[in-house]
Each structure stands twice: as C-alpha cells, then as structure tokens.
$ cat entry-v3.json   # JSON, C-alpha atoms
[["chain", "number", "residue", "atom", "x", "y", "z"],
["A", 975, "MET", "CA", 27.50, -40.46, 3.85],
["A", 976, "PRO", "CA", 24.58, -41.29, 6.18],
["A", 977, "ALA", "CA", 25.53, -43.05, 9.41],
["A", 978, "PRO", "CA", 25.38, -46.86, 9.38],
["A", 979, "GLN", "CA", 22.22, -48.46, 10.71],
["A", 980, "PRO", "CA", 21.18, -52.00, 11.60],
["A", 981, "PRO", "CA", 20.87, -54.27, 8.57],
["A", 982, "HIS", "CA", 17.17, -54.93, 9.05],
["A", 983, "PRO", "CA", 15.17, -52.54, 6.85],
["A", 984, "VAL", "CA", 12.50, -51.77, 9.46],
["A", 985, "GLU", "CA", 12.58, -50.32, 12.97],
["A", 986, "THR", "CA", 9.72, -51.38, 15.23],
["A", 987, "VAL", "CA", 9.03, -49.26, 18.30],
["A", 988, "PRO", "CA", 7.10, -51.35, 20.83],
["A", 989, "GLY", "CA", 3.87, -50.01, 22.24],
["A", 990, "ASP", "CA", 0.54, -51.05, 23.69],
["A", 991, "PRO", "CA", -1.40, -52.86, 20.93],
["A", 992, "ALA", "CA", -4.64, -51.96, 22.73],
["A", 993, "CYS", "CA", -4.00, -48.20, 22.53],
["A", 994, "GLY", "CA", -5.92, -47.87, 19.25],
["A", 995, "LEU", "CA", -3.13, -46.20, 17.29],
["A", 996, "LEU", "CA", -0.32, -47.22, 14.96],
["A", 997, "LEU", "CA", 2.30, -44.66, 13.93],
["A", 998, "ILE", "CA", 4.24, -45.08, 10.69],
["A", 999, "CYS", "CA", 7.20, -43.15, 9.27],
["A", 1000, "ASP", "CA", 7.63, -44.15, 5.62],
["A", 1001, "HIS", "CA", 10.66, -41.96, 4.94],
["A", 1002, "ALA", "CA", 12.46, -42.09, 8.27],
["A", 1003, "SER", "CA", 16.03, -42.74, 7.08],
["A", 1004, "ASN", "CA", 18.58, -41.71, 4.47],
["A", 1005, "PHE", "CA", 20.62, -44.90, 4.87],
["A", 1006, "VAL", "CA", 21.83, -46.81, 1.80],
["A", 1007, "PRO", "CA", 23.60, -50.16, 2.25],
["A", 1008, "GLU", "CA", 27.11, -50.38, 0.82],
["A", 1009, "ASP", "CA", 26.11, -52.98, -1.75],
["A", 1010, "ILE", "CA", 23.63, -50.61, -3.42],
["A", 1011, "GLY", "CA", 25.33, -48.03, -5.60],
["A", 1012, "LEU", "CA", 23.06, -45.10, -6.37],
["A", 1013, "GLY", "CA", 25.80, -42.82, -7.71],
["A", 1014, "VAL", "CA", 24.34, -39.82, -5.87],
["A", 1015, "ALA", "CA", 26.54, -37.07, -4.43],
["A", 1016, "GLU", "CA", 26.96, -37.20, -0.67],
["A", 1017, "ALA", "CA", 25.33, -33.80, -0.20],
["A", 1018, "GLU", "CA", 22.08, -35.08, -1.68],
["A", 1019, "PHE", "CA", 21.55, -37.42, 1.28],
["A", 1020, "ALA", "CA", 20.97, -34.42, 3.53],
["A", 1021, "ARG", "CA", 18.07, -33.29, 1.33],
["A", 1022, "HIS", "CA", 14.41, -34.23, 1.33],
["A", 1023, "ILE", "CA", 14.94, -36.40, -1.73],
["A", 1024, "ALA", "CA", 16.63, -39.01, 0.50],
["A", 1025, "TYR", "CA", 14.30, -38.91, 3.53],
["A", 1026, "ASP", "CA", 11.76, -36.79, 5.40],
["A", 1027, "ILE", "CA", 13.85, -34.51, 7.58],
["A", 1028, "GLY", "CA", 12.74, -34.58, 11.22],
["A", 1029, "ALA", "CA", 9.90, -37.04, 10.71],
["A", 1030, "ALA", "CA", 11.57, -39.95, 12.50],
["A", 1031, "GLY", "CA", 12.21, -37.89, 15.63],
["A", 1032, "VAL", "CA", 8.60, -36.72, 15.75],
["A", 1033, "THR", "CA", 7.37, -40.29, 15.27],
["A", 1034, "ARG", "CA", 9.48, -41.74, 18.09],
["A", 1035, "ALA", "CA", 8.60, -38.91, 20.48],
["A", 1036, "LEU", "CA", 4.89, -39.20, 19.69],
["A", 1037, "ALA", "CA", 5.05, -42.96, 20.24],
["A", 1038, "ARG", "CA", 6.56, -42.33, 23.70],
["A", 1039, "HIS", "CA", 3.86, -39.80, 24.60],
["A", 1040, "LEU", "CA", 1.01, -42.12, 23.66],
["A", 1041, "GLY", "CA", 2.53, -45.53, 24.38],
["A", 1042, "ALA", "CA", 1.78, -46.44, 20.77],
["A", 1043, "PRO", "CA", 3.63, -48.85, 18.50],
["A", 1044, "ALA", "CA", 5.47, -47.34, 15.56],
["A", 1045, "ILE", "CA", 7.00, -48.66, 12.36],
["A", 1046, "LEU", "CA", 9.87, -46.73, 10.74],
["A", 1047, "THR", "CA", 11.92, -47.45, 7.64],
["A", 1048, "CYS", "CA", 15.70, -47.91, 7.94],
["A", 1049, "PHE", "CA", 16.44, -47.19, 4.28],
["A", 1050, "SER", "CA", 16.41, -44.20, 1.97],
["A", 1051, "ARG", "CA", 13.45, -43.53, -0.27],
["A", 1052, "LEU", "CA", 16.02, -43.27, -3.08],
["A", 1053, "ILE", "CA", 16.35, -47.06, -2.95],
["A", 1054, "ILE", "CA", 12.61, -47.64, -3.15],
["A", 1055, "ASP", "CA", 9.66, -45.59, -1.91],
["A", 1056, "PRO", "CA", 7.41, -47.64, 0.39],
["A", 1057, "ASN", "CA", 4.79, -44.89, 0.20],
["A", 1058, "ARG", "CA", 4.04, -45.80, -3.41],
["A", 1059, "GLY", "CA", 2.11, -48.60, -5.01],
["A", 1060, "ARG", "CA", 4.09, -51.33, -6.73],
["A", 1061, "ALA", "CA", 2.95, -50.14, -10.16],
["A", 1062, "ASP", "CA", 3.67, -46.46, -9.46],
["A", 1063, "PRO", "CA", 6.33, -45.09, -11.86],
["A", 1064, "THR", "CA", 7.94, -43.22, -8.94],
["A", 1065, "LEU", "CA", 8.41, -46.39, -6.89],
["A", 1066, "VAL", "CA", 12.12, -46.22, -7.81],
["A", 1067, "MET", "CA", 13.06, -42.64, -8.61],
["A", 1068, "ARG", "CA", 15.36, -41.93, -11.53],
["A", 1069, "LEU", "CA", 15.15, -38.15, -11.08],
["A", 1070, "SER", "CA", 14.17, -36.43, -7.84],
["A", 1071, "ASP", "CA", 13.84, -32.65, -7.50],
["A", 1072, "GLY", "CA", 16.62, -32.02, -10.00],
["A", 1073, "ALA", "CA", 18.94, -34.77, -8.79],
["A", 1074, "VAL", "CA", 19.68, -37.62, -11.18],
["A", 1075, "VAL", "CA", 19.94, -41.04, -9.52],
["A", 1076, "PRO", "CA", 22.32, -42.98, -11.84],
["A", 1077, "GLY", "CA", 21.94, -46.24, -9.91],
["A", 1078, "ASN", "CA", 18.22, -46.21, -10.67],
["A", 1079, "ALA", "CA", 18.39, -45.01, -14.26],
["A", 1080, "ARG", "CA", 18.56, -48.44, -15.86],
["A", 1081, "ILE", "CA", 16.99, -50.60, -13.18],
["A", 1082, "ASP", "CA", 14.97, -53.43, -14.72],
["A", 1083, "GLU", "CA", 11.99, -55.38, -13.41],
["A", 1084, "ALA", "CA", 14.26, -57.96, -11.78],
["A", 1085, "GLY", "CA", 16.12, -55.19, -9.99],
["A", 1086, "LYS", "CA", 12.87, -53.66, -8.77],
["A", 1087, "ALA", "CA", 11.65, -57.06, -7.59],
["A", 1088, "GLU", "CA", 14.85, -57.54, -5.58],
["A", 1089, "ARG", "CA", 14.40, -54.20, -3.83],
["A", 1090, "ILE", "CA", 10.74, -54.92, -3.19],
["A", 1091, "ALA", "CA", 11.63, -58.21, -1.53],
["A", 1092, "ARG", "CA", 14.49, -56.73, 0.50],
["A", 1093, "PHE", "CA", 12.96, -53.43, 1.65],
["A", 1094, "TYR", "CA", 9.32, -52.87, 0.67],
["A", 1095, "GLU", "CA", 7.85, -56.21, 1.72],
["A", 1096, "PRO", "CA", 9.45, -56.30, 5.21],
["A", 1097, "PHE", "CA", 7.97, -52.83, 5.80],
["A", 1098, "ASP", "CA", 4.53, -54.07, 4.75],
["A", 1099, "ARG", "CA", 4.83, -57.20, 6.90],
["A", 1100, "ALA", "CA", 5.78, -55.15, 9.96],
["A", 1101, "ILE", "CA", 2.69, -52.97, 9.51],
["A", 1102, "ASP", "CA", 0.48, -56.02, 8.96],
["A", 1103, "ALA", "CA", 1.81, -57.56, 12.17],
["A", 1104, "ALA", "CA", 1.19, -54.38, 14.17],
["A", 1105, "VAL", "CA", -2.36, -54.07, 12.85],
["A", 1106, "ALA", "CA", -3.00, -57.74, 13.63],
["A", 1107, "ALA", "CA", -1.73, -57.22, 17.18],
["A", 1108, "GLY", "CA", -4.15, -54.33, 17.67],
["A", 1109, "GLU", "CA", -7.03, -56.39, 16.30],
["A", 1110, "ALA", "CA", -6.13, -59.28, 18.60],
["A", 1111, "ALA", "CA", -6.17, -56.86, 21.53],
["A", 1112, "GLY", "CA", -9.67, -55.74, 20.56],
["A", 1113, "ALA", "CA", -8.50, -52.33, 19.31],
["A", 1114, "PRO", "CA", -8.09, -52.16, 15.52],
["A", 1115, "PRO", "CA", -5.75, -49.17, 15.24],
["A", 1116, "ALA", "CA", -6.17, -45.83, 13.62],
["A", 1117, "ILE", "CA", -3.15, -45.30, 11.38],
["A", 1118, "VAL", "CA", -1.18, -42.03, 11.35],
["A", 1119, "THR", "CA", 1.80, -41.60, 9.07],
["A", 1120, "ILE", "CA", 4.34, -38.84, 9.76],
["A", 1121, "HIS", "CA", 6.04, -36.93, 6.93],
["A", 1122, "SER", "CA", 7.74, -33.58, 6.37],
["A", 1123, "PHE", "CA", 7.79, -31.13, 3.47],
["A", 1124, "THR", "CA", 10.15, -28.45, 2.22],
["A", 1125, "PRO", "CA", 9.55, -24.77, 3.12],
["A", 1126, "TYR", "CA", 9.94, -23.83, -0.57],
["A", 1127, "TRP", "CA", 8.99, -25.63, -3.75],
["A", 1128, "ARG", "CA", 10.43, -24.42, -7.05],
["A", 1129, "GLY", "CA", 11.26, -21.09, -5.47],
["A", 1130, "VAL", "CA", 7.80, -20.48, -4.00],
["A", 1131, "ALA", "CA", 7.34, -20.29, -0.22],
["A", 1132, "ARG", "CA", 4.82, -22.69, 1.23],
["A", 1133, "PRO", "CA", 2.51, -20.95, 3.73],
["A", 1134, "TRP", "CA", 1.55, -23.97, 5.82],
["A", 1135, "GLN", "CA", 3.29, -25.08, 8.98],
["A", 1136, "VAL", "CA", 1.45, -28.39, 8.84],
["A", 1137, "GLY", "CA", -0.91, -30.26, 6.56],
["A", 1138, "ILE", "CA", -3.27, -33.19, 7.02],
["A", 1139, "LEU", "CA", -3.81, -35.44, 4.01],
["A", 1140, "TRP", "CA", -6.78, -37.75, 3.66],
["A", 1141, "ASP", "CA", -8.94, -39.51, 1.10],
["A", 1142, "ARG", "CA", -12.54, -40.66, 1.62],
["A", 1143, "ASP", "CA", -12.41, -41.24, 5.38],
["A", 1144, "ASP", "CA", -12.18, -38.07, 7.49],
["A", 1145, "ARG", "CA", -12.91, -39.60, 10.91],
["A", 1146, "LEU", "CA", -9.38, -38.80, 12.05],
["A", 1147, "SER", "CA", -8.33, -36.04, 9.67],
["A", 1148, "ALA", "CA", -11.30, -33.74, 10.32],
["A", 1149, "PRO", "CA", -10.81, -33.41, 14.10],
["A", 1150, "LEU", "CA", -7.05, -33.08, 13.63],
["A", 1151, "ILE", "CA", -7.53, -30.18, 11.21],
["A", 1152, "VAL", "CA", -10.01, -28.50, 13.57],
["A", 1153, "GLY", "CA", -7.66, -28.95, 16.52],
["A", 1154, "LEU", "CA", -4.63, -27.63, 14.67],
["A", 1155, "ARG", "CA", -6.53, -24.58, 13.41],
["A", 1156, "ALA", "CA", -7.54, -23.81, 16.99],
["A", 1157, "ASP", "CA", -3.94, -23.98, 18.20],
["A", 1158, "PRO", "CA", -2.87, -20.79, 20.05],
["A", 1159, "ALA", "CA", 0.18, -20.57, 17.79],
["A", 1160, "GLY", "CA", -2.10, -19.46, 14.94],
["A", 1161, "LEU", "CA", -1.01, -22.19, 12.55],
["A", 1162, "THR", "CA", -1.72, -22.16, 8.85],
["A", 1163, "VAL", "CA", -3.04, -25.69, 8.35],
["A", 1164, "GLY", "CA", -3.30, -27.43, 4.99],
["A", 1165, "ASP", "CA", -6.36, -29.54, 4.27],
["A", 1166, "ASN", "CA", -4.94, -31.92, 1.65],
["A", 1167, "GLU", "CA", -2.08, -29.46, 1.26],
["A", 1168, "PRO", "CA", 0.75, -29.24, 0.30],
["A", 1169, "TYR", "CA", -0.15, -32.53, -1.40],
["A", 1170, "GLY", "CA", -3.43, -34.22, -2.20],
["A", 1171, "GLY", "CA", -4.54, -37.27, -0.28],
["A", 1172, "GLY", "CA", -5.68, -40.52, -1.78],
["A", 1173, "LEU", "CA", -2.61, -41.73, -3.66],
["A", 1174, "PRO", "CA", -3.50, -45.20, -4.99],
["A", 1175, "GLY", "CA", -1.30, -47.88, -3.49],
["A", 1176, "ASP", "CA", 0.38, -45.67, -0.90],
["A", 1177, "THR", "CA", 0.87, -46.77, 2.71],
["A", 1178, "ILE", "CA", -2.47, -45.39, 3.89],
["A", 1179, "ASP", "CA", -4.28, -46.93, 0.93],
["A", 1180, "ARG", "CA", -2.70, -50.36, 1.40],
["A", 1181, "HIS", "CA", -2.96, -50.61, 5.16],
["A", 1182, "ALA", "CA", -5.74, -48.31, 6.38],
["A", 1183, "THR", "CA", -8.22, -47.67, 3.56],
["A", 1184, "ALA", "CA", -8.18, -51.31, 2.47],
["A", 1185, "ARG", "CA", -9.11, -52.33, 6.04],
["A", 1186, "GLY", "CA", -11.56, -49.54, 6.79],
["A", 1187, "LEU", "CA", -9.31, -48.12, 9.52],
["A", 1188, "PRO", "CA", -9.38, -44.41, 10.48],
["A", 1189, "ASN", "CA", -6.29, -42.67, 9.17],
["A", 1190, "ALA", "CA", -4.43, -39.45, 8.49],
["A", 1191, "LEU", "CA", -1.18, -38.51, 6.81],
["A", 1192, "VAL", "CA", 0.62, -35.73, 8.69],
["A", 1193, "GLU", "CA", 2.95, -33.34, 6.86],
["A", 1194, "ILE", "CA", 5.06, -30.96, 8.99],
["A", 1195, "ARG", "CA", 7.28, -28.29, 7.46],
["A", 1196, "GLN", "CA", 10.88, -29.43, 7.66],
["A", 1197, "ASP", "CA", 12.41, -26.24, 9.04],
["A", 1198, "LEU", "CA", 10.15, -26.60, 12.09],
["A", 1199, "ILE", "CA", 11.32, -30.11, 12.99],
["A", 1200, "ALA", "CA", 14.93, -30.20, 11.79],
["A", 1201, "GLY", "CA", 16.14, -30.12, 15.41],
["A", 1202, "GLU", "CA", 15.21, -32.06, 18.51],
["A", 1203, "GLY", "CA", 13.42, -29.10, 20.10],
["A", 1204, "GLY", "CA", 11.01, -28.74, 17.20],
["A", 1205, "GLN", "CA", 10.47, -32.47, 17.02],
["A", 1206, "ALA", "CA", 9.57, -32.55, 20.72],
["A", 1207, "GLU", "CA", 7.23, -29.57, 20.33],
["A", 1208, "TRP", "CA", 5.30, -31.08, 17.43],
["A", 1209, "ALA", "CA", 5.12, -34.52, 19.03],
["A", 1210, "GLU", "CA", 3.61, -32.97, 22.15],
["A", 1211, "ARG", "CA", 1.16, -30.96, 20.03],
["A", 1212, "PHE", "CA", -0.09, -34.06, 18.23],
["A", 1213, "ALA", "CA", -0.20, -36.11, 21.42],
["A", 1214, "LYS", "CA", -2.55, -33.55, 22.99],
["A", 1215, "LEU", "CA", -4.77, -33.64, 19.90],
["A", 1216, "LEU", "CA", -4.83, -37.42, 19.47],
["A", 1217, "ARG", "CA", -5.59, -38.42, 23.06],
["A", 1218, "PRO", "CA", -9.20, -37.15, 23.14],
["A", 1219, "ILE", "CA", -9.82, -38.25, 19.54],
["A", 1220, "LEU", "CA", -8.72, -41.81, 20.19],
["A", 1221, "ARG", "CA", -10.24, -42.07, 23.69],
["A", 1222, "PRO", "CA", -13.14, -39.60, 23.78],
["A", 1223, "ALA", "CA", -14.60, -41.10, 26.94],
["A", 1224, "ALA", "CA", -11.32, -40.94, 28.87]]
$ encode --input "entry-v3.json" --output "structure tokens"
Amino acid sequence: MPAPQPPHPVETVPGDPACGLLLICDHASNFVPEDIGLGVAEAEFARHIAYDIGAAGVTRALARHLGAPAILTCFSRLIIDPNRGRADPTLVMRLSDGAVVPGNARIDEAGKAERIARFYEPFDRAIDAAVAAGEAAGAPPAIVTIHSFTPYWRGVARPWQVGILWDRDDRLSAPLIVGLRADPAGLTVGDNEPYGGGLPGDTIDRHATARGLPNALVEIRQDLIAGEGGQAEWAERFAKLLRPILRPAA
C-alpha cells in the first residue's frame, strides 16, 4: 500500500508571496487513510488512477527554482477528486480506467459531503489563503497546476511529451506553448491536448478563472517524469520558461 503520510490532507510548500506565482498539484499523492476502505487492489495504487505519477516531484522542484509557494494534495484522487466541481459525476469515481472502486460504488450524498469536508475543502482553503497572501503582497499570482498523463490511452500511443490546457485566458498558456515548441529537444506540444481545457468547476476554474488570474494547466507524460532525473529536468525547463513570462522586465 502507499506509504503513510501526515494526517493533514494538504501539503503547503512555503514561498515568496510576492513572486507572482502559485503552483498547485491536485493529484500529488496516492495515500488513503486506514479508515477509508476503497476495496481496490494494492497494485492499482501505482497507476494513474490513484495519482499523477511524477507530478509532485516536478511541483516541489519547480517551487524551489522559483521560490514560489505550492499547494499539494496528500490524498488519492480515488477518495475524491479536487480537480472536479462539486456537482461533477466524477467527483468520486466508481470506475476508473477499468478498475472498479467498491468503496465508492454505493457512496451517498452524506458520504460525499463527509469527504468534501475532510479533503476537498481544506485543499480549497489552502489555495484561497495562498492567493490572499499574494494579493496582500501586491502580486496577485498566476496559477499553474501540474499534472501527468499516460503514454498510452486505450492502446493508442500519445504523441505529446507535454500539453498545456487553458480556457478563455491565454496570457500564460500562449507563451508557454510557444516556448515549449521552441525547445531544442524538439518537443511535440499539445495545445489543449491530451485533454481539453475549461472543465467547469475544476481547480483552475474555481481559483483562477473566477478571480481573473492568469493560469495554465500543465500535463507532462508520465514516463518522462517517473524518476527524479526526469522530474528535475522538467522542473528546470518550466522554470526557465516561467521566469521571463512572470517578470518580463527582470
């Protein structure tokens, strides 16, 4: 089973609130507390259905590079998915990429409300506090969320190494896409691929779009960041791209 973690559902990485950036990792952990029985085989917790492989390492490394605050979850998305709106039918997954989640199959509204209060709301409050700190410092932050995606989906290889997801506001996503496509590594970069941006009620929608803050959702292919070396490489890549975007006069 996943290694034990602190009981608080959110990890907050301290950073300079005046740096103009807040990093978020919605699916950082595959941890499930002992009092929540999901009935899922142990092997499933190593898969993407439980967390975004490598995303937490990239987030922490990128926060170190830029001196930025970061918010990471300390619970599996199989408990509840904080990157979904409260009314989204996939907020608590009953079936995920072929894996049945028995502990979620018959969850009622009271059970959902309990998980929202225990996991989802502390995550939201931590983000709200970080945004408020940036505003108080005179630097309302751009919000970047870090995710990862599988190299194959339903047997089909995905050609992208990285994707940038966005909705109506491309102030941050557009220069990131341009920068990534100019990378000497010759990256295949997804523009709203492998997923579409603009999911109603997701983390970006709740915390960035609702406030008019610049934002981008980063998706990195999991095989590229499964180890510490790849995580360090991609964190450095994004740090180099974000510095001039966030501080163009520097």
$ residues_around --input "entry-v3.json" --residues "Ala1209 in chain A" --least-positions-apart "4" --cutoff "6 Å" --atoms "all atoms listed in the file" --output "list in words"
Val1032, Ala1035 and Leu1036 of chain A
$ atom_distance --input "entry-v3.json" --atom1 "CA of Asp1157 in chain A" --atom2 "CA of Pro1115 in chain A"
25.4 Å
$ residues_near_point --input "entry-v3.json" --point "(2.4, -42.8, 22.2)" --cutoff "10 Å" --atoms "only C-alpha atoms" --output "JSON, numbers by chain"
{"A": [988, 989, 990, 993, 995, 996, 997, 1033, 1034, 1035, 1036, 1037, 1038, 1039, 1040, 1041, 1042, 1043, 1044, 1209, 1210, 1212, 1213, 1216, 1217]}
$ write_last_selection --input "entry-v3.json" --atoms "C-alpha atoms" --output "PDB file, keeping the file's coordinate frame"
ATOM      1  CA  PRO A 988       7.100 -51.350  20.830  1.00  0.00           C
ATOM      2  CA  GLY A 989       3.870 -50.010  22.240  1.00  0.00           C
ATOM      3  CA  ASP A 990       0.540 -51.050  23.690  1.00  0.00           C
ATOM      4  CA  CYS A 993      -4.000 -48.200  22.530  1.00  0.00           C
ATOM      5  CA  LEU A 995      -3.130 -46.200  17.290  1.00  0.00           C
ATOM      6  CA  LEU A 996      -0.320 -47.220  14.960  1.00  0.00           C
ATOM      7  CA  LEU A 997       2.300 -44.660  13.930  1.00  0.00           C
ATOM      8  CA  THR A1033       7.370 -40.290  15.270  1.00  0.00           C
ATOM      9  CA  ARG A1034       9.480 -41.740  18.090  1.00  0.00           C
ATOM     10  CA  ALA A1035       8.600 -38.910  20.480  1.00  0.00           C
ATOM     11  CA  LEU A1036       4.890 -39.200  19.690  1.00  0.00           C
ATOM     12  CA  ALA A1037       5.050 -42.960  20.240  1.00  0.00           C
ATOM     13  CA  ARG A1038       6.560 -42.330  23.700  1.00  0.00           C
ATOM     14  CA  HIS A1039       3.860 -39.800  24.600  1.00  0.00           C
ATOM     15  CA  LEU A1040       1.010 -42.120  23.660  1.00  0.00           C
ATOM     16  CA  GLY A1041       2.530 -45.530  24.380  1.00  0.00           C
ATOM     17  CA  ALA A1042       1.780 -46.440  20.770  1.00  0.00           C
ATOM     18  CA  PRO A1043       3.630 -48.850  18.500  1.00  0.00           C
ATOM     19  CA  ALA A1044       5.470 -47.340  15.560  1.00  0.00           C
ATOM     20  CA  ALA A1209       5.120 -34.520  19.030  1.00  0.00           C
ATOM     21  CA  GLU A1210       3.610 -32.970  22.150  1.00  0.00           C
ATOM     22  CA  PHE A1212      -0.090 -34.060  18.230  1.00  0.00           C
ATOM     23  CA  ALA A1213      -0.200 -36.110  21.420  1.00  0.00           C
ATOM     24  CA  LEU A1216      -4.830 -37.420  19.470  1.00  0.00           C
ATOM     25  CA  ARG A1217      -5.590 -38.420  23.060  1.00  0.00           C
TER      26      ARG A1217
END
$ closest_residue --input "entry-v3.json" --among "A:Val1105, A:Ala1206, A:Val1152, A:Cys999" --to "Pro1056 in chain A" --atoms "all atoms listed in the file"
A:Cys999
$ closest_residue --input "entry-v3.json" --among "A:Arg1142, A:Arg1060, A:Arg1185, A:Arg1211" --to "Glu1083 in chain A" --atoms "all atoms listed in the file"
A:Arg1060
$ closest_atom_pairs --input "entry-v3.json" --of "range 1160-1219 of chain A" --to "range 1006-1026 of chain A" --cutoff "10 Å" --atoms "only C-alpha atoms" --output "CSV"
residue,atom,partner,partner_atom,distance
A:Glu1193,CA,A:Asp1026,CA,9.6
A:Ile1194,CA,A:Asp1026,CA,9.6
A:Arg1195,CA,A:Asp1026,CA,9.8
A:Gln1196,CA,A:Asp1026,CA,7.7
A:Ala1200,CA,A:Asp1026,CA,9.7
$ write_last_selection --input "entry-v3.json" --atoms "C-alpha atoms" --output "short mmCIF file (atom, residue, chain, number, x, y, z; two decimals), in the coordinates of the input"
data_model
loop_
_atom_site.label_atom_id
_atom_site.label_comp_id
_atom_site.auth_asym_id
_atom_site.auth_seq_id
_atom_site.Cartn_x
_atom_site.Cartn_y
_atom_site.Cartn_z
CA GLU A 1193 2.95 -33.34 6.86
CA ILE A 1194 5.06 -30.96 8.99
CA ARG A 1195 7.28 -28.29 7.46
CA GLN A 1196 10.88 -29.43 7.66
CA ALA A 1200 14.93 -30.20 11.79
#
$ atom_distance --input "entry-v3.json" --atom1 "CA of Gly1059 in chain A" --atom2 "CA of Pro1076 in chain A"
22.1 Å
$ atom_distance --input "entry-v3.json" --atom1 "CA of Pro1168 in chain A" --atom2 "CA of Gly1137 in chain A"
6.6 Å
$ closest_residue --input "entry-v3.json" --among "A:Arg1155, A:His982, A:His1121, A:Arg1145" --to "Glu1095 in chain A" --atoms "all atoms listed in the file"
A:His982
$ residues_around --input "entry-v3.json" --residues "Asp1143 in chain A" --least-positions-apart "5" --cutoff "10 Å" --atoms "only C-alpha atoms" --output "list in words"
Ala1148, Gly1172, Ala1182, Thr1183, Gly1186, Leu1187, Pro1188, Asn1189 and Ala1190 of chain A
$ closest_residue --input "entry-v3.json" --among "A:Ala1002, A:Ile1045, A:Ile1090, A:Ala1104" --to "Ala1061 in chain A" --atoms "only C-alpha atoms"
A:Ile1090
$ closest_residue --input "entry-v3.json" --among "A:Val984, A:Ala1029, A:Leu1198, A:Leu1220" --to "Pro1125 in chain A" --atoms "only C-alpha atoms"
A:Leu1198
$ closest_residue --input "entry-v3.json" --among "A:Ala992, A:Leu1065, A:Thr1177, A:Val987" --to "Ala1113 in chain A" --atoms "only C-alpha atoms"
A:Ala992
$ residues_around --input "entry-v3.json" --residues "range 1106-1111 of chain A" --least-positions-apart "3" --cutoff "7 Å" --atoms "only C-alpha atoms" --output "tab-separated table (two decimals) with C-alpha atoms, keeping the file's coordinate frame"
chain	number	residue	atom	x	y	z
A	991	PRO	CA	-1.40	-52.86	20.93
A	992	ALA	CA	-4.64	-51.96	22.73
A	994	GLY	CA	-5.92	-47.87	19.25
A	1102	ASP	CA	0.48	-56.02	8.96
A	1103	ALA	CA	1.81	-57.56	12.17
A	1114	PRO	CA	-8.09	-52.16	15.52
A	1115	PRO	CA	-5.75	-49.17	15.24
$ residues_around --input "entry-v3.json" --residues "Ile1138 in chain A" --least-positions-apart "3" --cutoff "10 Å" --atoms "only C-alpha atoms" --output "list in words"
Ile1120, Leu1146, Ser1147, Ala1148, Leu1150, Ile1151, Leu1154, Val1163, Gly1164, Asp1165, Asn1166, Glu1167, Pro1168, Tyr1169, Gly1170, Gly1171, Ala1190, Leu1191, Val1192, Glu1193 and Ile1194 of chain A
$ decode --input "entry-v3.json" --residues "range 1110-1140 of chain A" --atoms "C-alpha atoms" --output "compact mmCIF listing (two decimals), in the first residue's frame"
# COMPACT_ATOMS: atom_id res chain seq x y z
CA ALA A 1110 -1.68 41.23 0.20
CA ALA A 1111 1.90 41.36 -1.08
CA GLY A 1112 0.74 43.33 -4.12
CA ALA A 1113 1.27 40.40 -6.51
CA PRO A 1114 -1.95 38.51 -7.32
CA PRO A 1115 -0.49 35.20 -8.50
CA ALA A 1116 -0.67 33.45 -11.80
CA ILE A 1117 -1.80 29.89 -11.10
CA VAL A 1118 -0.08 26.86 -12.65
CA THR A 1119 -1.30 23.36 -11.91
CA ILE A 1120 0.97 20.37 -12.58
CA HIS A 1121 -0.41 17.05 -13.85
CA SER A 1122 0.82 14.00 -15.75
CA PHE A 1123 -0.76 11.75 -18.36
CA THR A 1124 -0.28 8.17 -19.52
CA PRO A 1125 1.88 7.41 -22.59
CA TYR A 1126 -0.94 5.24 -24.00
CA TRP A 1127 -4.70 5.54 -23.82
CA ARG A 1128 -6.83 2.55 -24.78
CA GLY A 1129 -3.91 1.05 -26.63
CA VAL A 1130 -3.09 4.16 -28.67
CA ALA A 1131 0.25 5.94 -28.19
CA ARG A 1132 0.03 9.59 -27.30
CA PRO A 1133 2.47 11.68 -29.37
CA TRP A 1134 2.90 14.60 -26.98
CA GLN A 1135 5.63 14.91 -24.39
CA VAL A 1136 3.77 17.80 -22.77
CA GLY A 1137 0.48 19.62 -23.10
CA ILE A 1138 -0.80 22.99 -21.92
CA LEU A 1139 -4.50 23.23 -21.12
CA TRP A 1140 -6.38 26.50 -20.97
